[in-house]
Structures are given as structure tokens and as C-alpha cells.
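Text of entry_1.txt (compact mmCIF, C-alpha atoms) as supplied:
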```
# COMPACT_ATOMS: atom_id res chain seq x y z
CA MET A 9 59.84 86.75 82.38
CA SER A 10 57.60 86.97 79.38
CA GLN A 11 54.53 84.76 79.17
CA SER A 12 51.85 84.89 76.56
CA PRO A 13 50.06 82.38 74.28
CA ASP A 14 52.57 83.22 71.56
CA ASN A 15 55.66 83.06 73.79
CA PRO A 16 55.79 79.97 75.98
CA ASP A 17 57.14 80.34 79.46
CA LEU A 18 60.91 80.60 79.28
CA LEU A 19 61.23 78.48 82.37
CA GLU A 20 59.51 75.61 80.60
CA ILE A 21 61.87 76.02 77.65
CA ALA A 22 64.89 76.10 79.94
CA LEU A 23 63.89 73.05 81.97
CA GLY A 24 62.69 71.14 78.94
CA GLY A 25 66.08 71.34 77.25
CA ASN A 26 64.49 72.81 74.11
CA SER A 27 66.65 74.50 71.50
CA ILE A 28 66.99 78.26 71.90
CA GLU A 29 68.21 78.96 68.38
CA ASP A 30 64.94 80.52 67.25
CA LEU A 31 64.40 82.65 70.33
CA PRO A 32 65.02 86.42 70.39
CA ALA A 33 68.44 87.23 71.82
CA SER A 34 67.10 88.48 75.14
CA ASP A 35 64.96 85.37 75.64
CA ALA A 36 67.86 83.10 74.70
CA THR A 37 70.01 84.84 77.32
CA ALA A 38 67.26 84.41 79.89
CA VAL A 39 67.04 80.68 79.13
CA ARG A 40 70.81 80.31 79.44
CA MET A 41 70.67 82.09 82.80
CA ILE A 42 67.94 79.77 84.05
CA ARG A 43 69.82 76.68 82.89
CA SER A 44 73.01 77.88 84.59
CA LEU A 45 71.03 78.65 87.72
CA VAL A 46 69.57 75.16 87.89
CA GLU A 47 72.91 73.54 87.07
CA THR A 48 74.72 75.53 89.77
CA MET A 49 72.13 74.80 92.45
CA HIS A 50 72.21 71.13 91.54
CA LEU A 51 76.01 71.08 91.64
CA ASP A 52 76.16 72.71 95.07
CA HIS A 53 73.49 70.30 96.31
CA VAL A 54 75.18 67.06 95.19
CA ASP A 55 78.73 68.14 96.02
CA PRO A 56 78.53 70.78 98.75
CA VAL A 57 81.58 72.37 100.28
CA PRO A 58 82.49 70.49 103.45
CA THR A 59 81.96 72.64 106.52
CA THR A 60 85.54 71.90 107.56
CA VAL A 61 86.80 73.79 104.49
CA ILE A 62 84.93 76.89 105.59
CA SER A 63 85.87 76.60 109.26
CA ARG A 64 89.57 76.04 108.47
CA GLY A 65 89.52 78.97 106.05
CA ARG A 66 87.97 81.24 108.64
CA GLU A 67 90.68 80.36 111.16
CA LEU A 68 93.16 82.11 108.87
CA ALA A 69 91.73 85.42 110.06
CA SER A 70 94.50 85.44 112.64
CA GLU A 71 97.00 85.76 109.79
CA LEU A 72 95.43 88.81 108.18
CA PRO A 73 98.17 91.29 107.44
CA THR A 74 97.26 94.89 107.93
CA ALA A 75 97.79 97.48 105.24
CA PRO A 76 100.97 99.49 105.64
CA SER A 77 100.64 102.61 107.77
CA TRP A 78 99.94 105.74 105.75
CA PHE A 79 102.89 107.57 107.28
CA ASP A 80 105.57 106.95 109.88
CA ARG A 81 104.68 109.19 112.78
CA ALA A 82 108.17 108.87 114.26
CA LEU A 83 109.81 110.25 111.11
CA ALA A 84 107.20 112.77 109.96
CA ILE A 85 108.15 116.43 110.25
CA VAL A 86 105.78 118.32 112.52
CA MET A 87 104.75 121.71 111.19
CA ALA A 88 104.37 124.34 113.88
CA PRO A 89 101.38 126.70 113.99
CA LEU A 90 102.56 130.12 112.79
CA PHE A 91 99.37 132.17 112.48
CA ASP A 92 95.77 131.98 113.61
CA ASP A 93 93.22 134.68 112.90
CA ARG A 94 91.40 133.92 116.13
CA PRO A 95 92.65 135.61 119.26
CA GLN A 96 93.75 132.37 120.82
CA LEU A 97 96.08 129.90 119.15
CA ALA A 98 94.54 126.53 119.79
CA LEU A 99 94.76 123.03 118.49
CA GLY A 100 91.09 123.01 117.65
CA LEU A 101 89.78 124.27 114.33
CA ARG A 102 86.61 125.63 115.79
CA GLY A 103 83.42 126.11 113.85
CA GLY A 104 81.04 129.04 113.75
CA GLU A 105 82.57 131.01 110.91
CA LEU A 106 85.47 131.07 108.50
CA ARG A 107 88.83 130.64 110.18
CA GLN A 108 92.30 130.95 108.75
CA CYS A 109 95.52 129.54 110.11
CA THR A 110 99.01 128.80 108.92
CA PHE A 111 101.54 126.11 109.78
CA GLY A 112 105.13 125.92 108.67
CA ILE A 113 108.56 124.42 109.04
CA GLU A 114 111.79 124.03 107.00
CA GLY A 115 110.73 125.92 103.92
CA HIS A 116 107.22 124.45 103.93
CA ARG A 117 104.10 126.50 104.56
CA LEU A 118 100.53 125.32 104.88
CA ASP A 119 97.60 127.75 104.79
CA LEU A 120 94.20 126.51 105.88
CA GLU A 121 90.73 128.00 105.66
CA VAL A 122 88.22 126.20 107.80
CA GLU A 123 84.51 126.78 107.41
CA PRO A 124 81.47 124.89 108.69
CA LEU A 125 79.07 123.85 105.93
CA GLU A 126 75.45 124.83 106.40
CA ASP A 127 73.03 121.96 106.82
CA ASP A 128 69.25 122.40 107.14
CA ASP A 129 68.80 119.11 108.94
CA PRO A 130 68.86 119.91 112.67
CA ASN A 131 69.53 116.28 113.50
CA SER A 132 72.69 115.95 111.45
CA THR A 133 76.16 116.99 112.54
CA GLN A 134 77.60 119.91 110.67
CA PRO A 135 80.51 118.95 108.43
CA THR A 136 83.46 121.25 108.02
CA ARG A 137 85.06 122.31 104.74
CA ILE A 138 88.78 122.77 104.66
CA ARG A 139 90.49 124.64 101.87
CA GLY A 140 94.23 124.51 101.95
CA GLN A 141 97.35 125.40 100.09
CA ILE A 142 100.82 124.00 100.47
CA ASP A 143 103.69 126.21 99.51
CA ARG A 144 107.40 125.41 99.32
CA GLU A 145 110.57 127.31 98.63
CA ASP A 146 111.32 124.63 96.04
CA PRO A 147 108.31 124.47 93.74
CA ILE A 148 106.41 121.21 93.89
CA GLU A 149 106.18 119.65 90.44
CA VAL A 150 103.82 116.80 91.27
CA GLY A 151 100.85 116.55 93.59
CA VAL A 152 101.29 116.17 97.32
CA ASP A 153 99.19 113.36 98.78
CA ILE A 154 97.16 114.36 101.79
CA ALA A 155 95.52 112.01 104.25
CA VAL A 156 93.37 112.83 107.22
CA LEU A 157 93.53 109.95 109.66
CA PHE A 158 91.35 109.32 112.68
CA ALA A 159 93.68 110.45 115.46
CA GLY A 160 95.99 107.75 116.73
CA THR A 161 94.96 105.20 114.10
CA ASP A 162 95.85 104.20 110.56
CA HIS A 163 92.24 104.52 109.43
CA VAL A 164 91.93 107.16 106.74
CA ALA A 165 88.96 109.52 107.04
CA ALA A 166 89.63 111.50 103.87
CA THR A 167 92.27 111.93 101.19
CA ALA A 168 93.16 114.53 98.61
CA THR A 169 95.96 115.43 96.24
CA THR A 170 97.12 118.97 95.69
CA ARG A 171 96.48 120.64 92.40
CA LYS A 172 99.23 122.30 90.43
CA ASP A 173 99.16 125.41 92.63
CA GLY A 174 99.33 123.34 95.81
CA ARG A 175 95.65 123.80 96.65
CA PHE A 176 93.32 121.13 97.97
CA ASN A 177 89.84 120.72 99.49
CA LEU A 178 88.50 118.39 102.14
CA VAL A 179 85.23 117.91 103.99
CA LEU A 180 85.26 116.38 107.45
CA ASP A 181 82.72 115.52 110.13
CA ALA A 182 83.31 116.35 113.76
CA GLY A 183 86.13 114.36 115.28
CA GLU A 184 89.79 114.24 116.16
CA TYR A 185 92.18 113.81 113.28
CA GLU A 186 95.80 113.81 112.23
CA PHE A 187 96.70 115.60 109.04
CA ALA A 188 99.54 114.08 107.04
CA PHE A 189 101.16 115.27 103.84
CA ARG A 190 103.32 112.95 101.79
CA HIS A 191 105.53 113.91 98.90
CA GLY A 192 107.92 111.24 97.73
CA GLU A 193 109.52 109.80 100.80
CA ARG A 194 108.95 112.89 102.89
CA ALA A 195 106.01 113.20 105.26
CA LEU A 196 104.83 116.25 107.14
CA THR A 197 102.13 116.55 109.73
CA ILE A 198 100.39 119.25 111.69
CA GLY A 199 99.67 116.76 114.43
CA ARG A 200 96.36 116.11 116.12
CA ILE A 201 93.48 118.46 115.36
CA GLU A 202 89.97 118.51 116.76
CA ILE A 203 87.03 119.46 114.57
CA PRO A 204 83.96 120.03 116.77
CA MET B 18 75.13 97.91 104.87
CA LYS B 19 75.03 94.23 105.81
CA ILE B 20 78.36 92.53 105.47
CA THR B 21 76.84 89.99 103.10
CA ASP B 22 75.85 92.84 100.76
CA GLN B 23 79.33 94.30 100.58
CA SER B 24 81.39 93.82 97.46
CA ASP B 25 84.62 91.82 97.47
CA ALA B 26 86.62 95.06 97.32
CA GLU B 27 84.78 96.45 100.36
CA LEU B 28 85.24 93.23 102.29
CA ILE B 29 88.95 93.13 101.51
CA GLU B 30 89.41 96.69 102.73
CA THR B 31 87.57 95.89 105.95
CA ALA B 32 89.44 92.61 106.40
CA LEU B 33 92.74 94.46 106.08
CA GLU B 34 91.66 96.57 109.03
CA GLY B 35 91.54 93.35 111.00
CA SER B 36 87.85 92.53 110.66
CA GLU B 37 87.30 88.82 111.19
CA PRO B 38 83.64 88.99 110.06
CA ALA B 39 84.79 90.47 106.74
CA TRP B 40 87.31 87.66 106.26
CA SER B 41 84.70 85.07 107.27
CA GLU B 42 82.33 86.42 104.63
CA LEU B 43 85.07 86.24 102.00
CA VAL B 44 85.67 82.61 102.93
CA ARG B 45 81.96 81.74 102.91
CA ARG B 46 81.43 83.48 99.61
CA HIS B 47 84.33 81.91 97.75
CA ALA B 48 84.57 78.43 99.29
CA PRO B 49 82.03 76.97 96.80
CA LEU B 50 84.01 78.49 93.93
CA ILE B 51 87.30 76.96 95.08
CA TRP B 52 85.58 73.64 95.75
CA SER B 53 83.96 73.45 92.33
CA VAL B 54 87.25 74.32 90.58
CA CYS B 55 89.12 71.61 92.49
CA ARG B 56 86.48 68.99 91.84
CA ARG B 57 86.14 69.94 88.21
CA CYS B 58 89.92 69.47 87.91
CA GLY B 59 89.45 65.89 89.04
CA LEU B 60 90.55 66.06 92.66
CA GLY B 61 89.14 63.75 95.31
CA GLN B 62 87.67 65.17 98.50
CA ALA B 63 90.83 65.06 100.64
CA ASP B 64 93.00 66.68 97.96
CA ALA B 65 90.32 69.28 97.27
CA GLU B 66 90.19 70.18 100.97
CA ASP B 67 93.96 70.61 101.04
CA VAL B 68 93.94 72.78 97.93
CA ALA B 69 91.16 74.92 99.36
CA GLN B 70 93.24 75.61 102.46
CA ILE B 71 96.29 76.39 100.32
CA VAL B 72 94.28 78.87 98.26
CA PHE B 73 92.83 80.54 101.34
CA SER B 74 96.31 80.77 102.88
CA ALA B 75 97.64 82.37 99.71
CA MET B 76 94.65 84.69 99.64
CA VAL B 77 95.18 85.97 103.17
CA ARG B 78 98.81 86.78 102.34
CA ARG B 79 98.02 88.39 99.01
CA LEU B 80 95.13 90.58 100.14
CA PRO B 81 97.17 93.77 100.67
CA HIS B 82 98.82 93.37 97.27
CA LEU B 83 95.87 92.53 95.05
CA LYS B 84 95.86 95.17 92.32
CA ASN B 85 92.25 94.68 91.29
CA ARG B 86 90.22 93.80 94.35
CA SER B 87 87.04 93.52 92.31
CA ALA B 88 88.61 90.65 90.36
CA LEU B 89 89.19 88.46 93.41
CA SER B 90 87.07 85.65 91.95
CA GLY B 91 89.26 85.51 88.86
CA TRP B 92 92.40 85.32 90.99
CA ILE B 93 90.82 82.53 93.06
CA VAL B 94 89.90 80.49 89.96
CA MET B 95 93.42 80.83 88.60
CA SER B 96 95.04 79.92 91.92
CA ALA B 97 92.73 76.96 92.55
CA LYS B 98 93.31 75.60 89.04
CA ARG B 99 97.07 75.97 89.29
CA GLU B 100 97.18 74.25 92.66
CA SER B 101 94.77 71.52 91.51
CA TRP B 102 96.90 70.77 88.48
CA ARG B 103 99.99 70.63 90.68
CA VAL B 104 98.34 68.11 92.98
CA SER B 105 97.04 66.08 90.05
CA ALA B 106 100.52 65.97 88.53
CA ARG B 107 101.97 64.93 91.89
CA ASN B 108 99.41 62.14 92.18
CA ARG B 109 100.13 60.91 88.68
CA HIS B 110 103.84 60.96 89.42
CA ARG B 111 103.32 58.90 92.53
CA ASN B 112 101.07 56.62 90.52
CA THR B 113 98.52 56.63 93.28
CA GLN B 114 94.84 57.10 92.85
CA SER B 115 92.53 58.43 95.50
CA LEU B 116 90.47 55.70 97.09
CA GLU B 117 87.70 58.15 97.83
CA THR B 118 84.60 58.75 95.82
CA ALA B 119 85.46 59.98 92.35
CA PRO B 120 84.69 63.61 91.65
CA VAL B 121 81.38 64.16 89.96
CA PHE B 122 82.62 66.07 86.96
CA ASP B 123 85.10 65.53 84.17
CA ALA B 124 88.57 67.05 84.45
CA ASP B 125 88.35 68.55 80.96
CA GLU B 126 87.13 72.14 80.88
CA PRO B 127 85.48 73.12 77.60
CA ASP B 128 83.89 76.23 79.08
CA PRO B 129 86.51 78.61 80.51
CA GLU B 130 83.91 80.94 82.03
CA VAL B 131 81.88 78.29 83.77
CA HIS B 132 83.28 79.09 87.21
CA GLU B 133 82.69 82.83 86.91
CA ARG B 134 79.15 82.14 85.75
CA GLN B 135 78.41 79.78 88.62
CA GLN B 136 79.88 82.24 91.14
CA ALA B 137 77.73 85.02 89.69
CA ILE B 138 74.69 82.81 90.22
CA ARG B 139 75.71 82.01 93.79
CA ASP B 140 76.11 85.73 94.50
CA ALA B 141 72.69 86.46 92.99
CA LEU B 142 71.07 83.66 95.00
CA HIS B 143 72.67 84.91 98.18
CA LYS B 144 71.11 88.33 97.65
CA LEU B 145 67.62 86.80 97.67
CA ASP B 146 65.44 86.82 100.73
CA PRO B 147 65.43 83.45 102.57
CA THR B 148 61.93 82.56 101.31
CA CYS B 149 62.98 82.83 97.68
CA ARG B 150 66.28 81.09 98.27
CA ASP B 151 64.64 78.17 100.07
CA LEU B 152 61.96 77.83 97.41
CA LEU B 153 64.37 77.82 94.47
CA ASN B 154 66.68 75.37 96.23
CA THR B 155 63.79 73.07 97.01
CA LEU B 156 62.47 73.19 93.46
CA PHE B 157 65.70 72.98 91.47
CA ALA B 158 68.59 71.61 93.52
CA GLN B 159 67.55 67.98 93.17
CA ALA B 160 67.57 66.07 89.91
CA LYS B 161 63.84 65.49 90.10
CA ALA B 162 61.70 68.40 91.22
CA PRO B 163 59.42 67.47 94.12
CA ALA B 164 55.65 67.75 93.82
CA TYR B 165 54.11 71.06 94.79
CA ASP B 166 52.25 69.47 97.70
CA GLN B 167 55.54 68.24 99.08
CA VAL B 168 57.17 71.63 98.59
CA ALA B 169 54.23 73.36 100.26
CA THR B 170 54.46 71.08 103.28
CA GLN B 171 58.22 71.42 103.54
CA LEU B 172 58.22 75.21 103.30
CA GLN B 173 54.87 75.73 105.04
CA ILE B 174 53.35 77.73 102.22
CA SER B 175 50.19 77.38 100.18
CA PRO B 176 50.54 75.11 97.12
CA ASN B 177 48.74 77.76 95.07
CA SER B 178 51.38 80.33 95.89
CA ILE B 179 54.31 78.26 94.65
CA GLY B 180 53.95 79.12 90.95
CA PRO B 181 53.67 82.91 91.38
CA THR B 182 56.37 82.94 94.08
CA ARG B 183 58.68 80.88 91.90
CA ARG B 184 58.22 83.36 89.07
CA ARG B 185 58.82 86.35 91.34
CA CYS B 186 61.97 84.80 92.79
CA LEU B 187 63.35 83.83 89.39
CA ASP B 188 62.68 87.33 88.14
CA LYS B 189 64.72 88.72 91.02
CA VAL B 190 67.67 86.46 90.25
CA MET B 191 67.49 87.24 86.55
CA LYS B 192 67.39 90.97 87.24
CA THR B 193 70.55 90.75 89.35
CA LEU B 194 72.33 88.66 86.73
CA GLN B 195 71.26 91.00 83.93
CA GLU B 196 72.41 94.06 85.84
CA ASP B 197 75.75 92.72 87.03
CA HIS B 198 76.81 89.81 84.81
CA GLN B 199 75.01 90.01 81.48
CA ASP B 200 78.32 89.44 79.66
CA LEU B 201 78.78 85.99 81.20
CA PHE B 202 75.61 84.59 79.62
```
Rewrite the structure of this file - the entire thing - as C-alpha cells.
Amino acid sequence: MSQSPDNPDLLEIALGGNSIEDLPASDATAVRMIRSLVETMHLDHVDPVPTTVISRGRELASELPTAPSWFDRALAIVMAPLFDDRPQLALGLRGGELRQCTFGIEGHRLDLEVEPLEDDDPNSTQPTRIRGQIDREDPIEVGVDIAVLFAGTDHVAATATTRKDGRFNLVLDAGEYEFAFRHGERALTIGRIEIP
Amino acid sequence: MKITDQSDAELIETALEGSEPAWSELVRRHAPLIWSVCRRCGLGQADAEDVAQIVFSAMVRRLPHLKNRSALSGWIVMSAKRESWRVSARNRHRNTQSLETAPVFDADEPDPEVHERQQAIRDALHKLDPTCRDLLNTLFAQAKAPAYDQVATQLQISPNSIGPTRRRCLDKVMKTLQEDHQDLF
């Protein structure tokens, strides 16, 4: 707050109830803030919220509804692995170098490129970049929503939406995930994947 | 990030994952707002407590459907006012008056943004360190400010430090208000 022989302390002006008409705009705002501050503290002091209001409100935690699940695992179509450029088809998208794999089912095809990102910090875990493309026999006119969920949960680790050509990018830390693709009412998944 | 530093939107998202601490923080943060709306609408203590519980119950059901989670305070003000008016109308219809202590403020509301402004101040105060918060409360919460010697004894600080500390603490609050809520003042 400003204080000088030519500009009396704004706090004194605020508490003294002096007019603020002649003050510069910024000082007038500061005085209004101080007055509101004092008024609010005084209000909460003379008429505080009863503790029972807070305790009864907190008890409602048991009624918290959870957000709807991102996709219905029972109804989602599982895409089978069709191609893996590593010698061994595996559920893990292993790091080390660029890896390409393809999943598909019922006229849907998903191509993935998986590549660890370089990180100079030896103490940090190495994230993994995933570049993908979804292709369909029937061209997709609008974006496909993609969610990567922590495996077995409804907690979303990352999301993306495909671009016009069906491409998307994601970055993930090490962990076990489920990939889900949603387009309209249809959901596809490639199941549980481990990223080391 | 401490849960008390999270925004309303962040707390709502966490609460919807089943976090009781997140819900508790939402209740703590907004209880004074609901209370002040009810009392400013002319409700006695018992009616205000009932309205507060009704608003919290509505809030817990509405959380997944709130379109603008950052505007939770505005939704709360609207809900508390609507419910307070309903209770007031019911009381008038029954021609009963509360026998409790009258609310401290008038029912008329000439300043539509008063509740948002007060809530902004509460949020800014809550972000202060405990020393600043205690000092400002001690100096300004009561109608008559206590003498510095009394403040120094109560807070166990040097009387000479009160003036500079007061200025530093006020500057912190003002900075928060200017950064986040300049438009309300």
C-alpha cells in the first residue's frame, strides 16, 4: 500500500470512513477492498457459522455420487493384436526404442507407435509417447474420443481426440492402463496394457 | 498441493472420485457463504441451519452435473437465496415468527455482489499464513480494535512488530484480491 507525506495511509482512510471520491482509481479500489475485508471479518465474528452446520454438511460425504464410468467394459468391443514389430507379441508396450503394433476388429484398425521420451534427469521416470491412428472401413466424420484409464479403475490418466485423419498423440508415465475409444455409443478397447 | 489450496473445480473433481477430505473442504469453504446469505435474507438461526443442510444436500446431488464448476459459489448463493425466500414465505404464511435472536442484517439486498465479494475475501484470508490471519482477525474482527499491547500479549509478538506485520499481511490479502477478484471491487 502506498504511504508518503502526500498520500495518507489507505488503511487510515478506509477505517476512518473518509470519502474516496478524490482518490486515484487504484487507491479507491484498495480502500473498498480494505473496507470489505473489515466488514466481512466483523460479520463472521459476530455471526459465525455454527459448527453443527459444518459437521452435518460433512456427513453428506456418504452421499457423494461418482461420475459415470468412461466406458462400459462389459459392452466394449475388444480389439485383437494383429501385428507387432517385435519378435514376441506381448501385452506390454516395452520401452527402449520405437515400437509399432496394430490392433483390429470388425472393420476397425488401430496403429500405434510407442517411443520412450528422453529425459536428462536420472531420477525421473521416463515417459512414453504414443502416436496412433484409427482407421475404419466407414470413414469417421467426427473425432473419436480416446481415454487412457488406470487399469481396473474409472480414473482417467490421459485423454485425446482424433484429428480428421484419425491420428492422435498421448504421453504416459510408467503404469498399467486400459485404452478405450468412444465414438457415439460405440466403445472399443485394446484391453490392459503395461507401460514400463 | 494442499487441499485447502485447490480450486473449487479441483475439489469437485476429487470429491466425485469419492474423496471425503475434498468434500469436507468444500463444506468448510462455503458454509460461511450459505450462512451469510440465509441470515441476510432474514432467517433465524434454526431456519438458517435447515436451509444450509438443504443447500449442501442439493450440492452433493448436483456435483456431477454442474456445468461450470468454477462458478460453484454463484450456484450456492442462488440456491441459498431461493431456499431462504421459500422458508420466509412459509413462515409468513404460517404467521409465526421465530422466537430466536433476530438476524443481524436487514433482509433487503441493495448490493447483489456482496456475497461474492465477502466469499472472495474469505478465500483470500484463508490463503494467508496463520500468523497473518490471526493478526488481522484480532485487529479487525471486533467493533473496537484492541490496543497494541493487548494484541501483542494475545498473539505473543512484539508490540513494535504489529504495525509492519499488519501492513505486510494486508498487502498479501490485497494482492490476492487484485489478482483474482479485481472486478468485484
**OP:** Around the point (70.6, 81.9, 78.7), in the coordinates given by the file, pick out the residues reaching within 12 Å, counting only C-alpha atoms, and return them as a ChimeraX atom specification.
**Re:** /A:18-19,21-23,25-29,31-46 /B:134,191,194-195,198-202
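Minimum atom-to-atom distance to Asp64 of chain B, evaluated using only C-alpha atoms, belongs to A:Val61 out of A:Leu51, A:Val61, A:Gln141, A:Gly160.
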Original post:
Contacts of Thr110 of chain A at 7 Å or less, counting all atoms listed in the file, minus same-chain residues fewer than 2 places along, as a ChimeraX atom specification?
Top reply: /A:89-92,112,118-120
**OP:** Could you list, as a ChimeraX atom specification, the residues of chain B having an atom within 7 Å of chain A when counting all atoms listed in the file?
**Re:** /B:33-35,37,40-41,44-45,48-49,52,66,69-70,73-74,77-78,81,135,138,154,157-159,188,202
Subject >> Near-Thr21 of chain B list (12 Å; all atoms listed in the file; drop same-chain fewer than 5 positions) as a ChimeraX atom specification >> reply: /B:27-28,38-46,140-145
Subject >> Interatomic distance (Å, one decimal) between atom CA of Arg56 of chain B and atom CA of Leu89 of chain B >> reply: 19.7 Å
**OP:** Please provide the set of residues having any atom within 12 Å of Asp166 of chain B, restricted to only C-alpha atoms, with same-chain residues fewer than 5 positions apart removed, written as a list in words.
**Re:** Leu156, Gln171, Leu172, Gln173, Ile174, Ser175, Pro176, Asn177, Ser178, Ile179 and Gly180 of chain B
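Minimum distance to Arg79 of chain B across B:Ile29, B:Ser101, B:Arg185, B:Cys58 (counting all atoms listed in the file) occurs at B:Ile29.
Using only C-alpha atoms, the nearest neighbour of Gln108 of chain A within the list A:Gly174, A:Leu125, A:Arg137, A:Ala82 is A:Arg137.
The space separating atom CA of Glu193 of chain A from atom CA of Ala166 of chain A comes to 20.2 Å.
Going from atom CA of Ala137 of chain B to atom CA of Gly61 of chain B covers 24.8 Å.
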Original post:
A:Arg200, A:Arg107, A:Arg194, A:Arg81: which is nearest Ala159 of chain A, counting all atoms listed in the file?
Top reply: A:Arg200
